[in-house]
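Next comes run-v4.txt, a file with compact mmCIF, N, CA, C and O atoms.
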# COMPACT_ATOMS: atom_id res chain seq x y z
N MET A 15 13.02 9.97 1.64
CA MET A 15 13.09 8.70 0.95
C MET A 15 13.38 8.98 -0.54
O MET A 15 12.71 9.79 -1.14
N THR A 16 14.35 8.32 -1.07
CA THR A 16 14.65 8.52 -2.48
C THR A 16 13.59 7.85 -3.33
O THR A 16 12.84 7.01 -2.84
N GLU A 17 13.54 8.23 -4.57
CA GLU A 17 12.52 7.65 -5.45
C GLU A 17 12.74 6.14 -5.60
O GLU A 17 13.85 5.69 -5.84
N LEU A 18 11.68 5.42 -5.43
CA LEU A 18 11.73 3.96 -5.51
C LEU A 18 11.04 3.50 -6.78
O LEU A 18 10.11 4.14 -7.25
N ASN A 19 11.47 2.37 -7.28
CA ASN A 19 10.74 1.80 -8.41
C ASN A 19 9.57 0.98 -7.87
O ASN A 19 9.45 0.75 -6.67
N GLN A 20 8.72 0.54 -8.77
CA GLN A 20 7.50 -0.15 -8.34
C GLN A 20 7.80 -1.45 -7.59
O GLN A 20 7.08 -1.79 -6.66
N GLN A 21 8.86 -2.14 -7.96
CA GLN A 21 9.20 -3.38 -7.25
C GLN A 21 9.58 -3.07 -5.80
O GLN A 21 9.18 -3.78 -4.88
N GLN A 22 10.36 -2.00 -5.60
CA GLN A 22 10.75 -1.63 -4.24
C GLN A 22 9.54 -1.19 -3.43
O GLN A 22 9.42 -1.53 -2.25
N VAL A 23 8.64 -0.44 -4.05
CA VAL A 23 7.42 -0.02 -3.37
C VAL A 23 6.57 -1.24 -3.02
O VAL A 23 6.05 -1.34 -1.91
N PHE A 24 6.47 -2.19 -3.95
CA PHE A 24 5.72 -3.43 -3.68
C PHE A 24 6.29 -4.13 -2.45
O PHE A 24 5.54 -4.59 -1.58
N GLU A 25 7.61 -4.20 -2.34
CA GLU A 25 8.23 -4.86 -1.19
C GLU A 25 7.88 -4.13 0.10
O GLU A 25 7.61 -4.76 1.13
N GLN A 26 7.86 -2.78 0.07
CA GLN A 26 7.48 -1.99 1.24
C GLN A 26 6.03 -2.26 1.63
O GLN A 26 5.71 -2.43 2.81
N VAL A 27 5.15 -2.27 0.63
CA VAL A 27 3.72 -2.50 0.88
C VAL A 27 3.52 -3.91 1.43
O VAL A 27 2.78 -4.12 2.40
N LYS A 28 4.20 -4.88 0.84
CA LYS A 28 4.09 -6.27 1.30
C LYS A 28 4.56 -6.38 2.75
O LYS A 28 3.88 -6.99 3.58
N GLN A 29 5.68 -5.75 3.05
CA GLN A 29 6.21 -5.78 4.42
C GLN A 29 5.20 -5.15 5.38
O GLN A 29 4.96 -5.67 6.47
N ALA A 30 4.59 -4.05 4.98
CA ALA A 30 3.59 -3.38 5.83
C ALA A 30 2.40 -4.29 6.08
O ALA A 30 1.91 -4.39 7.21
N LEU A 31 1.91 -4.96 5.04
CA LEU A 31 0.75 -5.85 5.18
C LEU A 31 1.07 -7.02 6.11
O LEU A 31 0.23 -7.42 6.92
N VAL A 32 2.28 -7.55 6.02
CA VAL A 32 2.69 -8.66 6.89
C VAL A 32 2.79 -8.17 8.33
O VAL A 32 2.26 -8.79 9.26
N GLU A 33 3.47 -7.02 8.53
CA GLU A 33 3.68 -6.50 9.88
C GLU A 33 2.38 -6.04 10.54
O GLU A 33 2.12 -6.35 11.69
N LEU A 34 1.59 -5.28 9.80
CA LEU A 34 0.40 -4.66 10.39
C LEU A 34 -0.75 -5.64 10.57
O LEU A 34 -1.49 -5.56 11.53
N PHE A 35 -0.92 -6.55 9.60
CA PHE A 35 -2.13 -7.37 9.58
C PHE A 35 -1.86 -8.86 9.62
O PHE A 35 -2.78 -9.66 9.50
N GLU A 36 -0.57 -9.23 9.75
CA GLU A 36 -0.18 -10.64 9.83
C GLU A 36 -0.72 -11.46 8.66
O GLU A 36 -1.18 -12.59 8.82
N ILE A 37 -0.67 -10.85 7.48
CA ILE A 37 -1.10 -11.54 6.27
C ILE A 37 0.05 -12.41 5.78
O ILE A 37 1.21 -12.01 5.83
N ASP A 38 -0.27 -13.60 5.32
CA ASP A 38 0.74 -14.51 4.79
C ASP A 38 1.37 -13.88 3.55
O ASP A 38 0.67 -13.47 2.63
N GLU A 39 2.69 -13.79 3.56
CA GLU A 39 3.43 -13.16 2.46
C GLU A 39 3.06 -13.77 1.11
O GLU A 39 3.00 -13.07 0.10
N ALA A 40 2.79 -15.07 1.08
CA ALA A 40 2.46 -15.75 -0.17
C ALA A 40 1.13 -15.25 -0.76
O ALA A 40 0.91 -15.34 -1.97
N ASP A 41 0.26 -14.72 0.09
CA ASP A 41 -1.04 -14.23 -0.38
C ASP A 41 -0.95 -12.83 -0.98
O ASP A 41 -1.88 -12.37 -1.64
N ILE A 42 0.15 -12.15 -0.74
CA ILE A 42 0.27 -10.76 -1.18
C ILE A 42 0.87 -10.72 -2.58
O ILE A 42 2.09 -10.78 -2.76
N GLN A 43 -0.01 -10.68 -3.55
CA GLN A 43 0.36 -10.61 -4.96
C GLN A 43 -0.13 -9.27 -5.50
O GLN A 43 -1.08 -8.71 -4.96
N PRO A 44 0.48 -8.76 -6.57
CA PRO A 44 0.04 -7.47 -7.11
C PRO A 44 -1.46 -7.40 -7.42
O PRO A 44 -2.09 -6.37 -7.21
N ASP A 45 -2.04 -8.52 -7.88
CA ASP A 45 -3.46 -8.50 -8.25
C ASP A 45 -4.38 -8.92 -7.10
O ASP A 45 -5.60 -9.03 -7.29
N ALA A 46 -3.82 -9.12 -5.91
CA ALA A 46 -4.65 -9.49 -4.76
C ALA A 46 -5.52 -8.30 -4.36
O ALA A 46 -5.04 -7.18 -4.22
N HIS A 47 -6.80 -8.56 -4.18
CA HIS A 47 -7.76 -7.53 -3.80
C HIS A 47 -7.67 -7.31 -2.29
O HIS A 47 -7.73 -8.26 -1.52
N LEU A 48 -7.51 -6.05 -1.88
CA LEU A 48 -7.30 -5.75 -0.46
C LEU A 48 -8.44 -6.24 0.42
O LEU A 48 -8.21 -6.75 1.51
N TYR A 49 -9.67 -6.07 -0.05
CA TYR A 49 -10.82 -6.37 0.80
C TYR A 49 -11.25 -7.83 0.68
O TYR A 49 -11.41 -8.51 1.70
N GLN A 50 -11.42 -8.35 -0.54
CA GLN A 50 -11.86 -9.73 -0.69
C GLN A 50 -10.74 -10.75 -0.41
O GLN A 50 -10.94 -11.69 0.34
N ASP A 51 -9.58 -10.55 -1.04
CA ASP A 51 -8.52 -11.56 -0.94
C ASP A 51 -7.75 -11.49 0.39
O ASP A 51 -7.36 -12.51 0.94
N LEU A 52 -7.50 -10.27 0.86
CA LEU A 52 -6.66 -10.12 2.04
C LEU A 52 -7.46 -9.81 3.30
O LEU A 52 -6.89 -9.61 4.37
N ASP A 53 -8.78 -9.75 3.17
CA ASP A 53 -9.68 -9.54 4.31
C ASP A 53 -9.41 -8.25 5.09
O ASP A 53 -9.60 -8.21 6.30
N LEU A 54 -8.98 -7.22 4.41
CA LEU A 54 -8.83 -5.92 5.07
C LEU A 54 -10.20 -5.25 5.11
O LEU A 54 -11.06 -5.53 4.28
N ASP A 55 -10.38 -4.36 6.07
CA ASP A 55 -11.59 -3.54 6.08
C ASP A 55 -11.17 -2.08 5.98
O ASP A 55 -9.99 -1.77 5.84
N SER A 56 -12.13 -1.18 6.05
CA SER A 56 -11.81 0.24 5.84
C SER A 56 -10.88 0.78 6.93
O SER A 56 -10.03 1.63 6.65
N ILE A 57 -10.99 0.28 8.14
CA ILE A 57 -10.10 0.70 9.22
C ILE A 57 -8.67 0.24 8.92
O ILE A 57 -7.72 0.99 9.11
N ASP A 58 -8.54 -0.99 8.43
CA ASP A 58 -7.22 -1.50 8.05
C ASP A 58 -6.61 -0.64 6.95
O ASP A 58 -5.41 -0.36 6.95
N ALA A 59 -7.45 -0.23 5.99
CA ALA A 59 -6.97 0.60 4.89
C ALA A 59 -6.41 1.92 5.42
O ALA A 59 -5.36 2.39 4.97
N VAL A 60 -7.11 2.50 6.39
CA VAL A 60 -6.63 3.74 7.02
C VAL A 60 -5.29 3.49 7.71
O VAL A 60 -4.35 4.29 7.58
N ASP A 61 -5.19 2.39 8.44
CA ASP A 61 -3.94 2.04 9.11
C ASP A 61 -2.80 1.89 8.10
O ASP A 61 -1.68 2.33 8.35
N LEU A 62 -3.10 1.28 6.97
CA LEU A 62 -2.10 1.10 5.92
C LEU A 62 -1.65 2.46 5.38
O LEU A 62 -0.46 2.70 5.21
N VAL A 63 -2.61 3.36 5.14
CA VAL A 63 -2.28 4.70 4.64
C VAL A 63 -1.39 5.44 5.64
O VAL A 63 -0.37 6.03 5.26
N VAL A 64 -1.75 5.38 6.92
CA VAL A 64 -0.96 6.05 7.96
C VAL A 64 0.47 5.48 7.97
O VAL A 64 1.45 6.23 8.03
N HIS A 65 0.58 4.17 7.89
CA HIS A 65 1.90 3.53 7.87
C HIS A 65 2.71 3.98 6.65
O HIS A 65 3.89 4.33 6.77
N LEU A 66 2.07 4.00 5.48
CA LEU A 66 2.77 4.41 4.26
C LEU A 66 3.16 5.88 4.30
O LEU A 66 4.21 6.25 3.76
N GLN A 67 2.36 6.70 4.95
CA GLN A 67 2.73 8.11 5.11
C GLN A 67 4.00 8.23 5.94
O GLN A 67 4.88 9.03 5.64
N LYS A 68 4.09 7.43 7.00
CA LYS A 68 5.30 7.45 7.84
C LYS A 68 6.51 6.99 7.06
O LYS A 68 7.59 7.57 7.16
N VAL A 69 6.34 5.93 6.29
CA VAL A 69 7.45 5.36 5.52
C VAL A 69 7.93 6.33 4.44
O VAL A 69 9.13 6.50 4.23
N THR A 70 6.97 6.96 3.75
CA THR A 70 7.33 7.82 2.62
C THR A 70 7.58 9.26 3.01
O THR A 70 8.23 10.00 2.28
N GLY A 71 7.04 9.67 4.15
CA GLY A 71 7.15 11.07 4.53
C GLY A 71 6.25 11.96 3.70
O GLY A 71 6.41 13.18 3.68
N LYS A 72 5.30 11.36 2.98
CA LYS A 72 4.39 12.11 2.10
C LYS A 72 2.98 12.02 2.64
O LYS A 72 2.58 11.00 3.21
N LYS A 73 2.21 13.07 2.45
CA LYS A 73 0.80 13.08 2.85
C LYS A 73 -0.01 12.40 1.75
O LYS A 73 0.10 12.73 0.59
N ILE A 74 -0.81 11.42 2.14
CA ILE A 74 -1.67 10.73 1.20
C ILE A 74 -3.09 11.25 1.42
O ILE A 74 -3.63 11.12 2.52
N LYS A 75 -3.68 11.83 0.41
CA LYS A 75 -5.03 12.36 0.52
C LYS A 75 -6.02 11.19 0.46
O LYS A 75 -5.87 10.29 -0.36
N PRO A 76 -7.03 11.21 1.33
CA PRO A 76 -8.00 10.09 1.34
C PRO A 76 -8.63 9.83 -0.02
O PRO A 76 -8.83 8.68 -0.40
N GLU A 77 -8.92 10.89 -0.78
CA GLU A 77 -9.56 10.68 -2.08
C GLU A 77 -8.63 9.95 -3.06
O GLU A 77 -9.09 9.26 -3.95
N GLU A 78 -7.32 10.10 -2.87
CA GLU A 78 -6.37 9.38 -3.73
C GLU A 78 -6.41 7.88 -3.44
O GLU A 78 -6.05 7.08 -4.28
N PHE A 79 -6.81 7.54 -2.24
CA PHE A 79 -6.78 6.14 -1.84
C PHE A 79 -8.13 5.46 -2.01
O PHE A 79 -8.23 4.25 -1.92
N LYS A 80 -9.17 6.22 -2.27
CA LYS A 80 -10.51 5.63 -2.41
C LYS A 80 -10.62 4.66 -3.58
O LYS A 80 -11.36 3.70 -3.51
N ALA A 81 -9.90 4.94 -4.65
CA ALA A 81 -9.99 4.10 -5.85
C ALA A 81 -9.13 2.84 -5.74
O ALA A 81 -9.19 1.97 -6.60
N VAL A 82 -8.35 2.74 -4.70
CA VAL A 82 -7.43 1.62 -4.53
C VAL A 82 -8.21 0.35 -4.17
O VAL A 82 -9.00 0.35 -3.24
N ARG A 83 -7.99 -0.69 -4.95
CA ARG A 83 -8.68 -1.96 -4.70
C ARG A 83 -7.70 -3.14 -4.55
O ARG A 83 -8.00 -4.09 -3.84
N THR A 84 -6.57 -3.07 -5.24
CA THR A 84 -5.63 -4.19 -5.22
C THR A 84 -4.28 -3.74 -4.65
O THR A 84 -4.03 -2.54 -4.50
N VAL A 85 -3.44 -4.70 -4.35
CA VAL A 85 -2.09 -4.40 -3.87
C VAL A 85 -1.37 -3.54 -4.90
O VAL A 85 -0.71 -2.56 -4.56
N ASN A 86 -1.52 -3.87 -6.19
CA ASN A 86 -0.85 -3.08 -7.23
C ASN A 86 -1.36 -1.65 -7.27
O ASN A 86 -0.59 -0.72 -7.53
N ASP A 87 -2.66 -1.43 -6.99
CA ASP A 87 -3.19 -0.06 -6.92
C ASP A 87 -2.45 0.74 -5.85
O ASP A 87 -2.15 1.92 -6.02
N VAL A 88 -2.19 0.10 -4.71
CA VAL A 88 -1.45 0.76 -3.64
C VAL A 88 -0.05 1.12 -4.13
O VAL A 88 0.42 2.24 -3.93
N VAL A 89 0.60 0.16 -4.77
CA VAL A 89 1.97 0.37 -5.27
C VAL A 89 2.00 1.54 -6.25
O VAL A 89 2.85 2.43 -6.15
N VAL A 90 1.06 1.57 -7.20
CA VAL A 90 1.01 2.64 -8.19
C VAL A 90 0.77 3.99 -7.50
O VAL A 90 1.44 4.99 -7.81
N SER A 91 -0.15 4.03 -6.56
CA SER A 91 -0.44 5.28 -5.83
C SER A 91 0.79 5.81 -5.11
O SER A 91 1.10 6.99 -5.18
N VAL A 92 1.47 4.92 -4.41
CA VAL A 92 2.66 5.34 -3.65
C VAL A 92 3.77 5.76 -4.60
O VAL A 92 4.45 6.77 -4.36
N THR A 93 3.96 5.02 -5.68
CA THR A 93 4.99 5.37 -6.67
C THR A 93 4.73 6.76 -7.24
O THR A 93 5.65 7.59 -7.35
N GLU A 94 3.48 7.03 -7.59
CA GLU A 94 3.11 8.36 -8.12
C GLU A 94 3.34 9.45 -7.08
O GLU A 94 3.84 10.52 -7.39
N LEU A 95 3.00 9.15 -5.85
CA LEU A 95 3.18 10.10 -4.76
C LEU A 95 4.65 10.47 -4.59
O LEU A 95 4.99 11.63 -4.37
N LEU A 96 5.51 9.47 -4.70
CA LEU A 96 6.94 9.71 -4.52
C LEU A 96 7.55 10.52 -5.66
O LEU A 96 8.57 11.16 -5.49
N LYS A 97 6.89 10.50 -6.83
CA LYS A 97 7.37 11.29 -7.97
C LYS A 97 7.08 12.77 -7.77
O LYS A 97 7.78 13.61 -8.30
N ASP A 98 6.01 13.08 -7.03
CA ASP A 98 5.60 14.47 -6.81
C ASP A 98 6.39 15.09 -5.68
O ASP A 98 5.96 15.09 -4.54
N ASN A 99 7.55 15.58 -6.00
CA ASN A 99 8.38 16.19 -4.95
C ASN A 99 8.09 17.66 -4.82
O ASN A 99 7.99 18.40 -5.69

Would you put the structure from the file into structure tokens?
Amino acid sequence: MTELNQQQVFEQVKQALVELFEIDEADIQPDAHLYQDLDLDSIDAVDLVVHLQKVTGKKIKPEEFKAVRTVNDVVVSVTELLKDN
């Protein structure tokens, strides 16, 4: 996967949230909290990480994802991951 900008990564994350968890696209905003706003749980978060690993072809370490709380946190994490070639 070529390096993506944050907007492109956001679109990928949004698409994943819609496909995996049937979340309404309108609810997926950069500042939306994964657990409170989007009703994800820790199992969902793992599923999201696995999906993003497949999409990016990069290994995401669990500790890198522990600090993630919002959709934008996911976007920033994935963007940083893609920079580390």

Write out as JSON, numbers by chain which residues come within 10 Å of stretch 17-23 of chain A when counting only C-alpha atoms, dropping same-chain ones fewer than 2 positions away.
-> {"A": [15, 25, 26, 27, 28, 29, 66, 70, 86, 88, 89, 90, 91, 92, 93, 94, 95, 96, 97, 98, 99]}

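Proximity of A:Ala46, A:Val69, A:Val63, A:Leu52 to A:Val85, computed with only C-alpha atoms, is greatest for A:Ala46.
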
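In terms of minimum interatomic distance to A:Phe35, A:Asp58 ranks closest within A:Lys75, A:Asp87, A:Asp58, A:Val64, counting all atoms listed in the file.
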
Proximity to A:Asp61 - best of A:Phe79, A:Lys73, A:His47, A:Leu34, only N, CA, C and O atoms | A:Leu34

For atom CA of A:Asp53 and atom CA of A:Lys68, the interatomic separation in Å (one decimal) = 22.9 Å

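Atom CA of A:Leu48 is positioned 5.9 Å from atom CA of A:Arg83.
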
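From atom O of A:Gln67 back to atom N of A:Gln50, the distance works out to 24.6 Å.
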
Chain A: which residues are helix (DSSP H, G or I) by DSSP, as a CSV table (one decimal) with N, CA, C and O atoms, in the coordinates of the input?
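And here's states11.csv as it stands now:
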chain,number,residue,atom,x,y,z
A,20,GLN,N,8.7,0.5,-8.8
A,20,GLN,CA,7.5,-0.2,-8.3
A,20,GLN,C,7.8,-1.4,-7.6
A,20,GLN,O,7.1,-1.8,-6.7
A,21,GLN,N,8.9,-2.1,-8.0
A,21,GLN,CA,9.2,-3.4,-7.2
A,21,GLN,C,9.6,-3.1,-5.8
A,21,GLN,O,9.2,-3.8,-4.9
A,22,GLN,N,10.4,-2.0,-5.6
A,22,GLN,CA,10.8,-1.6,-4.2
A,22,GLN,C,9.5,-1.2,-3.4
A,22,GLN,O,9.4,-1.5,-2.2
A,23,VAL,N,8.6,-0.4,-4.0
A,23,VAL,CA,7.4,0.0,-3.4
A,23,VAL,C,6.6,-1.2,-3.0
A,23,VAL,O,6.0,-1.3,-1.9
A,24,PHE,N,6.5,-2.2,-4.0
A,24,PHE,CA,5.7,-3.4,-3.7
A,24,PHE,C,6.3,-4.1,-2.4
A,24,PHE,O,5.5,-4.6,-1.6
A,25,GLU,N,7.6,-4.2,-2.3
A,25,GLU,CA,8.2,-4.9,-1.2
A,25,GLU,C,7.9,-4.1,0.1
A,25,GLU,O,7.6,-4.8,1.1
A,26,GLN,N,7.9,-2.8,0.1
A,26,GLN,CA,7.5,-2.0,1.2
A,26,GLN,C,6.0,-2.3,1.6
A,26,GLN,O,5.7,-2.4,2.8
A,27,VAL,N,5.2,-2.3,0.6
A,27,VAL,CA,3.7,-2.5,0.9
A,27,VAL,C,3.5,-3.9,1.4
A,27,VAL,O,2.8,-4.1,2.4
A,28,LYS,N,4.2,-4.9,0.8
A,28,LYS,CA,4.1,-6.3,1.3
A,28,LYS,C,4.6,-6.4,2.8
A,28,LYS,O,3.9,-7.0,3.6
A,29,GLN,N,5.7,-5.8,3.0
A,29,GLN,CA,6.2,-5.8,4.4
A,29,GLN,C,5.2,-5.2,5.4
A,29,GLN,O,5.0,-5.7,6.5
A,30,ALA,N,4.6,-4.0,5.0
A,30,ALA,CA,3.6,-3.4,5.8
A,30,ALA,C,2.4,-4.3,6.1
A,30,ALA,O,1.9,-4.4,7.2
A,31,LEU,N,1.9,-5.0,5.0
A,31,LEU,CA,0.8,-5.8,5.2
A,31,LEU,C,1.1,-7.0,6.1
A,31,LEU,O,0.2,-7.4,6.9
A,32,VAL,N,2.3,-7.6,6.0
A,32,VAL,CA,2.7,-8.7,6.9
A,32,VAL,C,2.8,-8.2,8.3
A,32,VAL,O,2.3,-8.8,9.3
A,33,GLU,N,3.5,-7.0,8.5
A,33,GLU,CA,3.7,-6.5,9.9
A,33,GLU,C,2.4,-6.0,10.5
A,33,GLU,O,2.1,-6.4,11.7
A,34,LEU,N,1.6,-5.3,9.8
A,34,LEU,CA,0.4,-4.7,10.4
A,34,LEU,C,-0.8,-5.6,10.6
A,34,LEU,O,-1.5,-5.6,11.5
A,35,PHE,N,-0.9,-6.6,9.6
A,35,PHE,CA,-2.1,-7.4,9.6
A,35,PHE,C,-1.9,-8.9,9.6
A,35,PHE,O,-2.8,-9.7,9.5
A,39,GLU,N,2.7,-13.8,3.6
A,39,GLU,CA,3.4,-13.2,2.5
A,39,GLU,C,3.1,-13.8,1.1
A,39,GLU,O,3.0,-13.1,0.1
A,40,ALA,N,2.8,-15.1,1.1
A,40,ALA,CA,2.5,-15.8,-0.2
A,40,ALA,C,1.1,-15.2,-0.8
A,40,ALA,O,0.9,-15.3,-2.0
A,41,ASP,N,0.3,-14.7,0.1
A,41,ASP,CA,-1.0,-14.2,-0.4
A,41,ASP,C,-1.0,-12.8,-1.0
A,41,ASP,O,-1.9,-12.4,-1.6
A,56,SER,N,-12.1,-1.2,6.0
A,56,SER,CA,-11.8,0.2,5.8
A,56,SER,C,-10.9,0.8,6.9
A,56,SER,O,-10.0,1.6,6.6
A,57,ILE,N,-11.0,0.3,8.1
A,57,ILE,CA,-10.1,0.7,9.2
A,57,ILE,C,-8.7,0.2,8.9
A,57,ILE,O,-7.7,1.0,9.1
A,58,ASP,N,-8.5,-1.0,8.4
A,58,ASP,CA,-7.2,-1.5,8.0
A,58,ASP,C,-6.6,-0.6,7.0
A,58,ASP,O,-5.4,-0.4,7.0
A,59,ALA,N,-7.4,-0.2,6.0
A,59,ALA,CA,-7.0,0.6,4.9
A,59,ALA,C,-6.4,1.9,5.4
A,59,ALA,O,-5.4,2.4,5.0
A,60,VAL,N,-7.1,2.5,6.4
A,60,VAL,CA,-6.6,3.7,7.0
A,60,VAL,C,-5.3,3.5,7.7
A,60,VAL,O,-4.4,4.3,7.6
A,61,ASP,N,-5.2,2.4,8.4
A,61,ASP,CA,-3.9,2.0,9.1
A,61,ASP,C,-2.8,1.9,8.1
A,61,ASP,O,-1.7,2.3,8.4
A,62,LEU,N,-3.1,1.3,7.0
A,62,LEU,CA,-2.1,1.1,5.9
A,62,LEU,C,-1.6,2.5,5.4
A,62,LEU,O,-0.5,2.7,5.2
A,63,VAL,N,-2.6,3.4,5.1
A,63,VAL,CA,-2.3,4.7,4.6
A,63,VAL,C,-1.4,5.4,5.6
A,63,VAL,O,-0.4,6.0,5.3
A,64,VAL,N,-1.8,5.4,6.9
A,64,VAL,CA,-1.0,6.0,8.0
A,64,VAL,C,0.5,5.5,8.0
A,64,VAL,O,1.4,6.2,8.0
A,65,HIS,N,0.6,4.2,7.9
A,65,HIS,CA,1.9,3.5,7.9
A,65,HIS,C,2.7,4.0,6.6
A,65,HIS,O,3.9,4.3,6.8
A,66,LEU,N,2.1,4.0,5.5
A,66,LEU,CA,2.8,4.4,4.3
A,66,LEU,C,3.2,5.9,4.3
A,66,LEU,O,4.2,6.2,3.8
A,67,GLN,N,2.4,6.7,5.0
A,67,GLN,CA,2.7,8.1,5.1
A,67,GLN,C,4.0,8.2,5.9
A,67,GLN,O,4.9,9.0,5.6
A,68,LYS,N,4.1,7.4,7.0
A,68,LYS,CA,5.3,7.4,7.8
A,68,LYS,C,6.5,7.0,7.1
A,68,LYS,O,7.6,7.6,7.2
A,69,VAL,N,6.3,5.9,6.3
A,69,VAL,CA,7.4,5.4,5.5
A,69,VAL,C,7.9,6.3,4.4
A,69,VAL,O,9.1,6.5,4.2
A,70,THR,N,7.0,7.0,3.8
A,70,THR,CA,7.3,7.8,2.6
A,70,THR,C,7.6,9.3,3.0
A,70,THR,O,8.2,10.0,2.3
A,76,PRO,N,-7.0,11.2,1.3
A,76,PRO,CA,-8.0,10.1,1.3
A,76,PRO,C,-8.6,9.8,0.0
A,76,PRO,O,-8.8,8.7,-0.4
A,77,GLU,N,-8.9,10.9,-0.8
A,77,GLU,CA,-9.6,10.7,-2.1
A,77,GLU,C,-8.6,10.0,-3.1
A,77,GLU,O,-9.1,9.3,-4.0
A,78,GLU,N,-7.3,10.1,-2.9
A,78,GLU,CA,-6.4,9.4,-3.7
A,78,GLU,C,-6.4,7.9,-3.4
A,78,GLU,O,-6.0,7.1,-4.3
A,79,PHE,N,-6.8,7.5,-2.2
A,79,PHE,CA,-6.8,6.1,-1.8
A,79,PHE,C,-8.1,5.5,-2.0
A,79,PHE,O,-8.2,4.2,-1.9
A,80,LYS,N,-9.2,6.2,-2.3
A,80,LYS,CA,-10.5,5.6,-2.4
A,80,LYS,C,-10.6,4.7,-3.6
A,80,LYS,O,-11.4,3.7,-3.5
A,85,VAL,N,-3.4,-4.7,-4.4
A,85,VAL,CA,-2.1,-4.4,-3.9
A,85,VAL,C,-1.4,-3.5,-4.9
A,85,VAL,O,-0.7,-2.6,-4.6
A,86,ASN,N,-1.5,-3.9,-6.2
A,86,ASN,CA,-0.8,-3.1,-7.2
A,86,ASN,C,-1.4,-1.6,-7.3
A,86,ASN,O,-0.6,-0.7,-7.5
A,87,ASP,N,-2.7,-1.4,-7.0
A,87,ASP,CA,-3.2,-0.1,-6.9
A,87,ASP,C,-2.4,0.7,-5.8
A,87,ASP,O,-2.2,1.9,-6.0
A,88,VAL,N,-2.2,0.1,-4.7
A,88,VAL,CA,-1.4,0.8,-3.6
A,88,VAL,C,0.0,1.1,-4.1
A,88,VAL,O,0.4,2.2,-3.9
A,89,VAL,N,0.6,0.2,-4.8
A,89,VAL,CA,2.0,0.4,-5.3
A,89,VAL,C,2.0,1.5,-6.2
A,89,VAL,O,2.8,2.4,-6.2
A,90,VAL,N,1.1,1.6,-7.2
A,90,VAL,CA,1.0,2.6,-8.2
A,90,VAL,C,0.8,4.0,-7.5
A,90,VAL,O,1.4,5.0,-7.8
A,91,SER,N,-0.2,4.0,-6.6
A,91,SER,CA,-0.4,5.3,-5.8
A,91,SER,C,0.8,5.8,-5.1
A,91,SER,O,1.1,7.0,-5.2
A,92,VAL,N,1.5,4.9,-4.4
A,92,VAL,CA,2.7,5.3,-3.6
A,92,VAL,C,3.8,5.8,-4.6
A,92,VAL,O,4.4,6.8,-4.4
A,93,THR,N,4.0,5.0,-5.7
A,93,THR,CA,5.0,5.4,-6.7
A,93,THR,C,4.7,6.8,-7.2
A,93,THR,O,5.6,7.6,-7.4
A,94,GLU,N,3.5,7.0,-7.6
A,94,GLU,CA,3.1,8.4,-8.1
A,94,GLU,C,3.3,9.4,-7.1
A,94,GLU,O,3.8,10.5,-7.4
A,95,LEU,N,3.0,9.2,-5.8
A,95,LEU,CA,3.2,10.1,-4.8
A,95,LEU,C,4.6,10.5,-4.6
A,95,LEU,O,5.0,11.6,-4.4
A,96,LEU,N,5.5,9.5,-4.7
A,96,LEU,CA,6.9,9.7,-4.5
A,96,LEU,C,7.6,10.5,-5.7
A,96,LEU,O,8.6,11.2,-5.5
A,97,LYS,N,6.9,10.5,-6.8
A,97,LYS,CA,7.4,11.3,-8.0
A,97,LYS,C,7.1,12.8,-7.8
A,97,LYS,O,7.8,13.6,-8.3
